[in-house]
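Below is work_15.tsv, which holds TSV, C-alpha atoms.
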chain	number	residue	atom	x	y	z
A	1278	MET	CA	40.95	75.63	-36.05
A	1279	SER	CA	38.59	73.69	-38.23
A	1280	GLU	CA	36.61	70.92	-36.60
A	1281	GLU	CA	35.99	69.08	-39.81
A	1282	LYS	CA	37.31	65.58	-40.10
A	1283	LYS	CA	40.52	64.99	-41.91
A	1284	GLU	CA	40.89	62.07	-44.20
A	1285	LEU	CA	43.78	59.69	-44.26
A	1286	GLU	CA	46.49	60.90	-46.56
A	1287	VAL	CA	49.01	58.79	-48.37
A	1288	GLU	CA	51.87	61.11	-49.17
A	1289	LYS	CA	54.52	62.34	-46.86
A	1290	GLN	CA	55.69	65.89	-47.08
A	1291	GLU	CA	59.38	66.30	-47.58
A	1292	LEU	CA	61.26	68.85	-45.50
A	1293	THR	CA	62.58	71.82	-47.41
A	1294	THR	CA	65.33	73.73	-45.72
A	1295	THR	CA	64.71	77.42	-45.78
A	1296	GLU	CA	67.76	78.45	-43.81
A	1297	ASP	CA	71.23	78.17	-45.24
A	1298	SER	CA	72.09	75.34	-42.88
A	1299	GLU	CA	71.93	71.78	-44.11
A	1300	ARG	CA	71.29	68.59	-42.32
A	1301	THR	CA	74.35	66.55	-41.48
A	1302	ARG	CA	72.63	63.23	-42.01
A	1303	ASP	CA	72.50	62.27	-45.64
A	1304	CYS	CA	69.00	60.88	-45.84
A	1305	GLN	CA	65.59	62.17	-46.54
A	1306	CYS	CA	63.73	64.13	-43.97
A	1307	PHE	CA	60.00	64.61	-43.68
A	1308	VAL	CA	57.68	67.00	-41.95
A	1309	PRO	CA	55.52	64.82	-39.74
A	1310	ARG	CA	51.78	65.40	-39.71
A	1311	SER	CA	50.76	66.87	-36.40
A	1312	ASP	CA	47.73	67.77	-34.35
A	1313	ILE	CA	47.90	70.45	-31.71
A	1314	TYR	CA	45.09	71.12	-29.33
A	1315	GLU	CA	44.70	73.17	-26.26
A	1316	ALA	CA	42.74	72.44	-23.12
A	1317	ASP	CA	42.40	74.65	-20.06
A	1318	ASP	CA	45.62	73.54	-18.40
A	1319	ASP	CA	47.66	71.89	-21.10
A	1320	ILE	CA	48.66	72.00	-24.70
A	1321	TYR	CA	48.76	68.67	-26.49
A	1322	VAL	CA	50.99	67.96	-29.45
A	1323	VAL	CA	50.42	64.72	-31.35
A	1324	VAL	CA	52.88	63.80	-34.09
A	1325	ASP	CA	52.93	60.86	-36.49
A	1326	VAL	CA	56.46	59.46	-36.56
A	1327	PRO	CA	56.14	55.90	-37.86
A	1328	GLY	CA	59.36	53.94	-37.42
A	1329	ALA	CA	60.70	56.00	-34.55
A	1330	ASP	CA	60.87	54.76	-30.96
A	1331	ASN	CA	61.60	56.39	-27.63
A	1332	GLU	CA	65.35	55.98	-28.17
A	1333	SER	CA	65.37	57.77	-31.49
A	1334	ILE	CA	63.29	60.84	-30.72
A	1335	ASP	CA	64.82	64.11	-29.59
A	1336	ILE	CA	62.67	66.87	-28.23
A	1337	THR	CA	64.02	70.27	-27.29
A	1338	LEU	CA	62.30	73.38	-26.02
A	1339	GLU	CA	64.34	76.49	-26.44
A	1340	LYS	CA	62.69	79.74	-25.49
A	1341	ASN	CA	59.28	79.14	-26.98
A	1342	VAL	CA	60.35	76.95	-29.84
A	1343	LEU	CA	59.61	73.28	-29.54
A	1344	THR	CA	61.67	71.13	-31.89
A	1345	ILE	CA	61.01	67.49	-32.57
A	1346	ASN	CA	63.60	65.32	-34.27
A	1347	ALA	CA	63.06	61.66	-34.96
A	1348	TYR	CA	65.65	59.42	-36.52
A	1349	VAL	CA	64.44	56.43	-38.42
A	1350	ASP	CA	66.36	53.40	-39.53
A	1351	PRO	CA	66.17	52.95	-43.32
A	1352	GLY	CA	65.00	49.41	-42.66
A	1353	ASP	CA	66.46	47.37	-45.47
A	1354	ILE	CA	65.37	43.77	-45.17
A	1355	GLU	CA	68.20	41.31	-45.41
A	1356	GLY	CA	67.98	38.75	-48.16
A	1357	TYR	CA	65.28	40.64	-49.97
A	1358	SER	CA	65.40	43.24	-52.70
A	1359	LEU	CA	62.97	46.08	-53.03
A	1360	ALA	CA	60.32	45.26	-55.63
A	1361	PHE	CA	58.51	48.57	-55.45
A	1362	ALA	CA	58.24	51.49	-53.08
A	1363	GLU	CA	55.27	53.72	-52.52
A	1364	TYR	CA	56.65	55.53	-49.53
A	1365	GLN	CA	60.09	56.63	-48.60
A	1366	ILE	CA	61.73	56.25	-45.27
A	1367	GLY	CA	63.56	59.07	-43.60
A	1368	ASP	CA	63.91	61.19	-40.51
A	1369	TYR	CA	61.33	63.61	-39.19
A	1370	GLN	CA	61.87	67.16	-38.15
A	1371	ARG	CA	59.50	69.89	-37.12
A	1372	SER	CA	59.46	73.00	-34.96
A	1373	PHE	CA	56.59	74.84	-33.39
A	1374	ARG	CA	56.55	78.24	-31.77
A	1375	LEU	CA	54.42	78.08	-28.67
A	1376	SER	CA	52.50	81.13	-27.61
A	1377	ASN	CA	51.82	80.20	-24.00
A	1378	GLU	CA	54.35	80.01	-21.26
A	1379	ILE	CA	55.05	76.37	-20.62
A	1380	ASP	CA	56.00	74.74	-17.37
A	1381	ARG	CA	59.17	73.12	-18.67
A	1382	GLU	CA	59.66	70.83	-15.72
A	1383	LYS	CA	56.40	69.03	-16.25
A	1384	ILE	CA	56.49	68.30	-19.95
A	1385	GLU	CA	55.62	64.72	-20.68
A	1386	ALA	CA	56.33	62.81	-23.85
A	1387	THR	CA	55.25	59.32	-24.74
A	1388	VAL	CA	55.54	57.36	-27.94
A	1389	LYS	CA	53.37	54.43	-28.91
A	1390	ASP	CA	52.79	52.73	-32.25
A	1391	GLY	CA	54.67	55.47	-34.08
A	1392	VAL	CA	52.73	58.34	-32.56
A	1393	LEU	CA	54.45	60.84	-30.32
A	1394	ARG	CA	52.30	62.57	-27.74
A	1395	LEU	CA	53.46	65.60	-25.82
A	1396	VAL	CA	51.64	67.16	-22.93
A	1397	LEU	CA	52.82	70.67	-22.24
A	1398	PRO	CA	51.34	72.04	-19.03
A	1399	LYS	CA	50.78	75.77	-19.04
A	1400	ALA	CA	52.78	77.65	-16.42
A	1401	GLN	CA	50.84	78.79	-13.40
A	1402	GLU	CA	51.48	82.48	-14.01
A	1403	ALA	CA	50.47	82.18	-17.63
A	1404	LYS	CA	47.19	80.71	-16.57
A	1405	THR	CA	46.40	83.58	-14.25
A	1406	ARG	CA	47.45	86.25	-16.70
A	1407	LYS	CA	44.15	86.22	-18.48
A	1408	ILE	CA	42.67	89.65	-18.49
A	1409	ALA	CA	38.95	90.04	-18.42
A	1410	VAL	CA	37.64	92.42	-21.02
A	1411	LYS	CA	34.91	94.69	-19.80
A	1412	VAL	CA	32.26	96.14	-21.95
A	1413	GLY	CA	32.96	99.84	-22.40
A	1414	ALA	CA	30.42	102.20	-20.98
B	758	MET	CA	40.97	72.37	-97.52
B	759	TYR	CA	42.60	75.28	-99.16
B	760	ARG	CA	43.81	76.65	-95.85
B	761	ARG	CA	45.44	73.42	-94.89
B	762	TYR	CA	47.50	73.49	-98.02
B	763	ARG	CA	48.51	77.01	-97.39
B	764	VAL	CA	49.96	76.32	-93.94
B	765	PRO	CA	51.21	72.76	-94.09
B	766	SER	CA	54.46	73.44	-92.28
B	767	LEU	CA	52.62	74.56	-89.18
B	768	TRP	CA	50.65	71.32	-88.97
B	769	ARG	CA	53.74	69.31	-89.60
B	770	ASP	CA	55.50	71.14	-86.80
B	771	PHE	CA	52.66	70.34	-84.46
B	772	ASP	CA	52.73	66.70	-85.46
B	773	ARG	CA	56.42	66.53	-84.85
B	774	LEU	CA	56.08	68.23	-81.49
B	775	GLN	CA	53.36	65.86	-80.43
B	776	ARG	CA	55.38	62.84	-81.48
B	777	GLU	CA	58.45	64.03	-79.64
B	778	MET	CA	56.52	64.79	-76.47
B	779	GLY	CA	54.93	61.36	-76.66
B	780	GLN	CA	58.33	59.71	-76.96
B	781	LEU	CA	59.66	61.76	-74.09
B	782	LEU	CA	56.77	60.80	-71.84
B	783	SER	CA	56.88	57.12	-72.66
B	784	ALA	CA	60.65	57.08	-72.12
B	785	ALA	CA	60.16	58.68	-68.70
B	786	SER	CA	57.49	56.22	-67.62
B	787	GLU	CA	59.53	53.27	-68.84
B	788	SER	CA	62.57	54.35	-66.90
B	789	ASP	CA	60.37	54.64	-63.80
B	790	TYR	CA	59.21	51.13	-64.34
B	791	TYR	CA	62.71	49.77	-64.45
B	792	THR	CA	64.07	51.61	-61.44
B	793	PRO	CA	62.10	50.29	-58.49
B	794	ARG	CA	63.96	52.56	-56.07
B	795	ARG	CA	61.79	55.39	-57.28
B	796	VAL	CA	58.61	55.93	-55.43
B	797	ARG	CA	55.52	55.05	-57.36
B	798	GLN	CA	52.16	56.56	-56.63
B	799	ALA	CA	50.11	54.60	-54.13
B	800	SER	CA	46.58	53.99	-55.32
B	801	GLY	CA	45.15	54.28	-51.84
B	802	TYR	CA	45.89	54.38	-48.14
B	803	PRO	CA	48.19	53.03	-46.88
B	804	ALA	CA	51.25	53.34	-49.07
B	805	MET	CA	53.10	50.05	-49.20
B	806	ASN	CA	56.63	48.96	-49.91
B	807	ALA	CA	57.31	45.47	-51.17
B	808	TRP	CA	60.45	43.38	-50.87
B	809	GLU	CA	60.91	40.13	-52.67
B	810	ASN	CA	63.14	37.15	-53.12
B	811	GLN	CA	62.70	33.59	-54.37
B	812	GLU	CA	60.90	32.50	-51.24
B	813	GLY	CA	58.27	35.18	-51.16
B	814	MET	CA	57.53	38.78	-50.46
B	815	ILE	CA	57.51	41.14	-47.52
B	816	VAL	CA	55.09	44.04	-47.63
B	817	THR	CA	55.48	46.96	-45.24
B	818	ALA	CA	53.19	49.87	-44.52
B	819	GLU	CA	53.32	52.84	-42.20
B	820	LEU	CA	50.25	52.84	-39.98
B	821	PRO	CA	51.01	55.20	-37.10
B	822	GLY	CA	48.52	55.24	-34.25
B	823	ILE	CA	46.60	52.20	-35.28
B	824	ASN	CA	46.48	49.42	-32.76
B	825	THR	CA	46.80	45.83	-33.84
B	826	ASP	CA	43.10	45.16	-33.23
B	827	GLY	CA	42.33	47.79	-35.81
B	828	ILE	CA	44.20	46.05	-38.61
B	829	ASP	CA	42.67	43.33	-40.72
B	830	ILE	CA	44.84	41.37	-43.13
B	831	SER	CA	43.45	38.83	-45.52
B	832	VAL	CA	45.09	36.85	-48.29
B	833	VAL	CA	43.12	35.03	-50.94
B	834	GLY	CA	45.15	33.35	-53.67
B	835	ASP	CA	47.43	36.13	-54.88
B	836	THR	CA	45.51	39.08	-53.49
B	837	LEU	CA	46.45	40.80	-50.27
B	838	THR	CA	43.82	42.98	-48.63
B	839	LEU	CA	44.69	45.34	-45.84
B	840	SER	CA	41.91	47.12	-44.07
B	841	GLY	CA	41.44	48.86	-40.80
B	842	ASN	CA	40.46	51.94	-38.98
B	843	ARG	CA	42.32	54.79	-37.39
B	844	GLU	CA	40.51	56.48	-34.59
B	845	SER	CA	40.67	60.13	-33.75
B	846	ASP	CA	41.60	61.45	-30.33
B	847	ASP	CA	38.89	62.06	-27.83
B	848	LEU	CA	39.25	65.64	-26.81
B	849	LYS	CA	38.55	66.78	-23.31
B	850	GLU	CA	35.67	69.10	-22.72
B	851	GLY	CA	36.59	72.60	-23.77
B	852	ALA	CA	39.70	71.60	-25.71
B	853	ARG	CA	40.11	73.10	-29.14
B	854	TYR	CA	42.32	72.39	-32.09
B	855	HIS	CA	45.06	74.75	-33.15
B	856	ARG	CA	46.10	72.53	-35.97
B	857	ARG	CA	44.77	69.34	-37.38
B	858	GLU	CA	46.72	67.46	-40.00
B	859	ARG	CA	46.48	63.83	-38.95
B	860	GLY	CA	43.79	62.04	-40.83
B	861	PHE	CA	41.63	59.26	-39.54
B	862	GLY	CA	38.90	56.97	-40.65
B	863	SER	CA	38.66	53.54	-42.15
B	864	PHE	CA	40.73	52.27	-45.03
B	865	SER	CA	40.91	49.24	-47.24
B	866	ARG	CA	43.31	48.41	-49.97
B	867	SER	CA	44.06	45.34	-52.05
B	868	ILE	CA	47.18	44.58	-54.00
B	869	GLN	CA	47.87	41.77	-56.37
B	870	LEU	CA	50.99	39.78	-55.69
B	871	PRO	CA	53.07	38.21	-58.44
B	872	PHE	CA	52.48	34.71	-57.03
B	873	HIS	CA	50.12	32.59	-54.94
B	874	VAL	CA	50.73	32.72	-51.22
B	875	LYS	CA	51.09	29.89	-48.76
B	876	VAL	CA	48.26	31.31	-46.72
B	877	GLU	CA	48.83	29.33	-43.53
B	878	ASP	CA	52.39	30.66	-43.20
B	879	VAL	CA	51.59	34.36	-43.53
B	880	GLU	CA	52.94	36.32	-40.59
B	881	ALA	CA	52.53	39.93	-39.63
B	882	THR	CA	54.33	42.06	-37.09
B	883	PHE	CA	53.59	45.59	-35.97
B	884	ASN	CA	56.35	47.66	-34.52
B	885	ASN	CA	56.52	51.41	-33.92
B	886	GLY	CA	53.65	52.00	-36.28
B	887	ILE	CA	55.10	49.92	-39.08
B	888	LEU	CA	53.29	46.85	-40.27
B	889	GLN	CA	55.32	44.10	-41.86
B	890	ILE	CA	53.61	41.21	-43.57
B	891	ASN	CA	55.62	38.17	-44.56
B	892	LEU	CA	54.06	36.40	-47.52
B	893	PRO	CA	55.76	33.12	-48.40
B	894	ARG	CA	55.29	31.82	-51.88
B	895	ALA	CA	53.15	28.74	-52.33
B	896	GLU	CA	55.25	25.66	-52.94
B	897	GLU	CA	53.66	24.88	-56.31
B	898	ASP	CA	54.20	28.43	-57.42
B	899	LYS	CA	57.93	28.55	-56.72
B	900	PRO	CA	60.21	28.88	-59.70
B	901	LYS	CA	61.44	25.51	-60.85
B	902	LYS	CA	65.09	25.02	-61.56
B	903	ILE	CA	65.69	23.17	-64.76
B	904	ALA	CA	68.83	21.16	-65.01
B	905	VAL	CA	70.59	21.32	-68.33
B	906	LYS	CA	71.73	17.95	-69.52
B	907	SER	CA	74.66	17.53	-71.79
B	908	VAL	CA	73.96	15.20	-74.63

Encoding of this model in structure tokens:
Amino acid sequence: MSEEKKELEVEKQELTTTEDSERTRDCQCFVPRSDIYEADDDIYVVVDVPGADNESIDITLEKNVLTINAYVDPGDIEGYSLAFAEYQIGDYQRSFRLSNEIDREKIEATVKDGVLRLVLPKAQEAKTRKIAVKVGA
Amino acid sequence: MYRRYRVPSLWRDFDRLQREMGQLLSAASESDYYTPRRVRQASGYPAMNAWENQEGMIVTAELPGINTDGIDISVVGDTLTLSGNRESDDLKEGARYHRRERGFGSFSRSIQLPFHVKVEDVEATFNNGILQINLPRAEEDKPKKIAVKSV
């Protein structure tokens, strides 16, 4: 909600599994930093997934839960050995529960320079379901 | 003075505790130093990973959402400086944030490399938000092999 500017942050947040299920892939997984904003007709979701491309991102919308999975190659460089590491490389996973009804057919997702952008158009009926509140007499 | 003599064991215990904690801490930091796989704290944005071999070093950094025009790389001697700017999204009129976690703004960071760089051969690529800078070692700074003669 806040409009204040956010500064660039260095650390990635590691995913902690709260359910009893575990990930099948044996590598680290991070919670990607995300922005969500809402305009009159659409909801925009912007997610930082450096290292992932359009082939390696999975997006599912089940009921109202939007899940983003991005699989990232560990990226070892042949012929070189790691001298030091300040960041770790791993997959990204995050789910959001959406409050508005979404027009599933018209969801658009693009990825560029490691940033995933989703445009979720609000369903027509959801748009018209706004109820005007009158001032009580 | 009198009190100190009355409770010497307590002070000695504290001294011992302090010494042991100190040893524990220094052992931990030393082991960090010798296991490069462990993540060390980045001193600024962006975090960098460095790979090396005899020929030089490759430095990578995650810079999602920054276009190549927004990245400035400079190498002077053995110092690599990476600076740039990440711009925020322009919101449409009437749009409002539900959640805002992605930071933006300008950044600049310098790291010292263990050798002098052949500046004219530095190459950088930017792919899926990951910057990779190839820093070849200057010829005169390469390790010299010394042949062992038998007498």

Give one line per residue of chain A that approaches chain B to at most 7 Å, naming the two atoms of the closest pair and their distance in Å to one decimal, counting only C-alpha atoms; sort by chain then ascending residue number and deliver it as JSON lines.
{"residue": "A:Met1278", "atom": "CA", "partner": "B:His855", "partner_atom": "CA", "distance": 5.1}
{"residue": "A:Lys1283", "atom": "CA", "partner": "B:Gly860", "partner_atom": "CA", "distance": 4.5}
{"residue": "A:Glu1284", "atom": "CA", "partner": "B:Gly860", "partner_atom": "CA", "distance": 4.4}
{"residue": "A:Leu1285", "atom": "CA", "partner": "B:Gly860", "partner_atom": "CA", "distance": 4.2}
{"residue": "A:Glu1286", "atom": "CA", "partner": "B:Gly860", "partner_atom": "CA", "distance": 6.4}
{"residue": "A:Val1287", "atom": "CA", "partner": "B:Tyr802", "partner_atom": "CA", "distance": 5.4}
{"residue": "A:Arg1310", "atom": "CA", "partner": "B:Glu858", "partner_atom": "CA", "distance": 5.5}
{"residue": "A:Ser1311", "atom": "CA", "partner": "B:Glu858", "partner_atom": "CA", "distance": 5.4}
{"residue": "A:Asp1312", "atom": "CA", "partner": "B:Arg857", "partner_atom": "CA", "distance": 4.5}
{"residue": "A:Ile1313", "atom": "CA", "partner": "B:Arg856", "partner_atom": "CA", "distance": 5.1}
{"residue": "A:Tyr1314", "atom": "CA", "partner": "B:Tyr854", "partner_atom": "CA", "distance": 4.1}
{"residue": "A:Glu1315", "atom": "CA", "partner": "B:Ala852", "partner_atom": "CA", "distance": 5.3}
{"residue": "A:Ala1316", "atom": "CA", "partner": "B:Ala852", "partner_atom": "CA", "distance": 4.1}
{"residue": "A:Asp1317", "atom": "CA", "partner": "B:Ala852", "partner_atom": "CA", "distance": 7.0}
{"residue": "A:Asp1325", "atom": "CA", "partner": "B:Pro821", "partner_atom": "CA", "distance": 6.0}
{"residue": "A:Val1326", "atom": "CA", "partner": "B:Pro821", "partner_atom": "CA", "distance": 6.9}
{"residue": "A:Pro1327", "atom": "CA", "partner": "B:Gly886", "partner_atom": "CA", "distance": 4.9}
{"residue": "A:Gly1328", "atom": "CA", "partner": "B:Asn885", "partner_atom": "CA", "distance": 5.2}
{"residue": "A:Ala1329", "atom": "CA", "partner": "B:Asn885", "partner_atom": "CA", "distance": 6.2}
{"residue": "A:Asp1330", "atom": "CA", "partner": "B:Asn885", "partner_atom": "CA", "distance": 6.2}
{"residue": "A:Tyr1357", "atom": "CA", "partner": "B:Glu809", "partner_atom": "CA", "distance": 5.2}
{"residue": "A:Ser1358", "atom": "CA", "partner": "B:Trp808", "partner_atom": "CA", "distance": 5.3}
{"residue": "A:Leu1359", "atom": "CA", "partner": "B:Trp808", "partner_atom": "CA", "distance": 4.3}
{"residue": "A:Ala1360", "atom": "CA", "partner": "B:Trp808", "partner_atom": "CA", "distance": 5.1}
{"residue": "A:Phe1361", "atom": "CA", "partner": "B:Pro793", "partner_atom": "CA", "distance": 5.0}
{"residue": "A:Ala1362", "atom": "CA", "partner": "B:Asn806", "partner_atom": "CA", "distance": 4.4}
{"residue": "A:Glu1363", "atom": "CA", "partner": "B:Val796", "partner_atom": "CA", "distance": 5.0}
{"residue": "A:Tyr1364", "atom": "CA", "partner": "B:Ala804", "partner_atom": "CA", "distance": 5.8}
{"residue": "A:Lys1389", "atom": "CA", "partner": "B:Asn885", "partner_atom": "CA", "distance": 6.6}
{"residue": "A:Asp1390", "atom": "CA", "partner": "B:Gly886", "partner_atom": "CA", "distance": 4.2}
{"residue": "A:Gly1391", "atom": "CA", "partner": "B:Gly886", "partner_atom": "CA", "distance": 4.2}
{"residue": "A:Val1392", "atom": "CA", "partner": "B:Gly822", "partner_atom": "CA", "distance": 5.5}

Writer output for current selection, C-alpha atoms, as an mmCIF file, in the coordinates of the input:
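What follows is the written file result_4.cif:
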data_model
loop_
_atom_site.group_PDB
_atom_site.id
_atom_site.type_symbol
_atom_site.label_atom_id
_atom_site.label_comp_id
_atom_site.auth_asym_id
_atom_site.auth_seq_id
_atom_site.Cartn_x
_atom_site.Cartn_y
_atom_site.Cartn_z
ATOM 1 C CA MET A 1278 40.950 75.630 -36.050
ATOM 2 C CA LYS A 1283 40.520 64.990 -41.910
ATOM 3 C CA GLU A 1284 40.890 62.070 -44.200
ATOM 4 C CA LEU A 1285 43.780 59.690 -44.260
ATOM 5 C CA GLU A 1286 46.490 60.900 -46.560
ATOM 6 C CA VAL A 1287 49.010 58.790 -48.370
ATOM 7 C CA ARG A 1310 51.780 65.400 -39.710
ATOM 8 C CA SER A 1311 50.760 66.870 -36.400
ATOM 9 C CA ASP A 1312 47.730 67.770 -34.350
ATOM 10 C CA ILE A 1313 47.900 70.450 -31.710
ATOM 11 C CA TYR A 1314 45.090 71.120 -29.330
ATOM 12 C CA GLU A 1315 44.700 73.170 -26.260
ATOM 13 C CA ALA A 1316 42.740 72.440 -23.120
ATOM 14 C CA ASP A 1317 42.400 74.650 -20.060
ATOM 15 C CA ASP A 1325 52.930 60.860 -36.490
ATOM 16 C CA VAL A 1326 56.460 59.460 -36.560
ATOM 17 C CA PRO A 1327 56.140 55.900 -37.860
ATOM 18 C CA GLY A 1328 59.360 53.940 -37.420
ATOM 19 C CA ALA A 1329 60.700 56.000 -34.550
ATOM 20 C CA ASP A 1330 60.870 54.760 -30.960
ATOM 21 C CA TYR A 1357 65.280 40.640 -49.970
ATOM 22 C CA SER A 1358 65.400 43.240 -52.700
ATOM 23 C CA LEU A 1359 62.970 46.080 -53.030
ATOM 24 C CA ALA A 1360 60.320 45.260 -55.630
ATOM 25 C CA PHE A 1361 58.510 48.570 -55.450
ATOM 26 C CA ALA A 1362 58.240 51.490 -53.080
ATOM 27 C CA GLU A 1363 55.270 53.720 -52.520
ATOM 28 C CA TYR A 1364 56.650 55.530 -49.530
ATOM 29 C CA LYS A 1389 53.370 54.430 -28.910
ATOM 30 C CA ASP A 1390 52.790 52.730 -32.250
ATOM 31 C CA GLY A 1391 54.670 55.470 -34.080
ATOM 32 C CA VAL A 1392 52.730 58.340 -32.560
#

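Between CA of Glu1382 in chain A and CA of Glu1332 in chain A lies a distance of 20.2 Å.
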
Could you check how far CA of Ile903 in chain B sits from CA of Val833 in chain B, in Å to one decimal?
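Straight-line distance from CA of Ile903 in chain B to CA of Val833 in chain B works out to 29.0 Å.
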
Coordinates-based distance that separates CA of Asn1331 in chain A from CA of Phe1373 in chain A (Å, one decimal)
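Computing it gives 20.0 Å between the two atoms.
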
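For the set B:Ile828, B:Leu837, B:Ala895, B:Leu870, the residue with the smallest atom-to-atom gap to Thr882 in chain B is B:Ile828, counting only C-alpha atoms.
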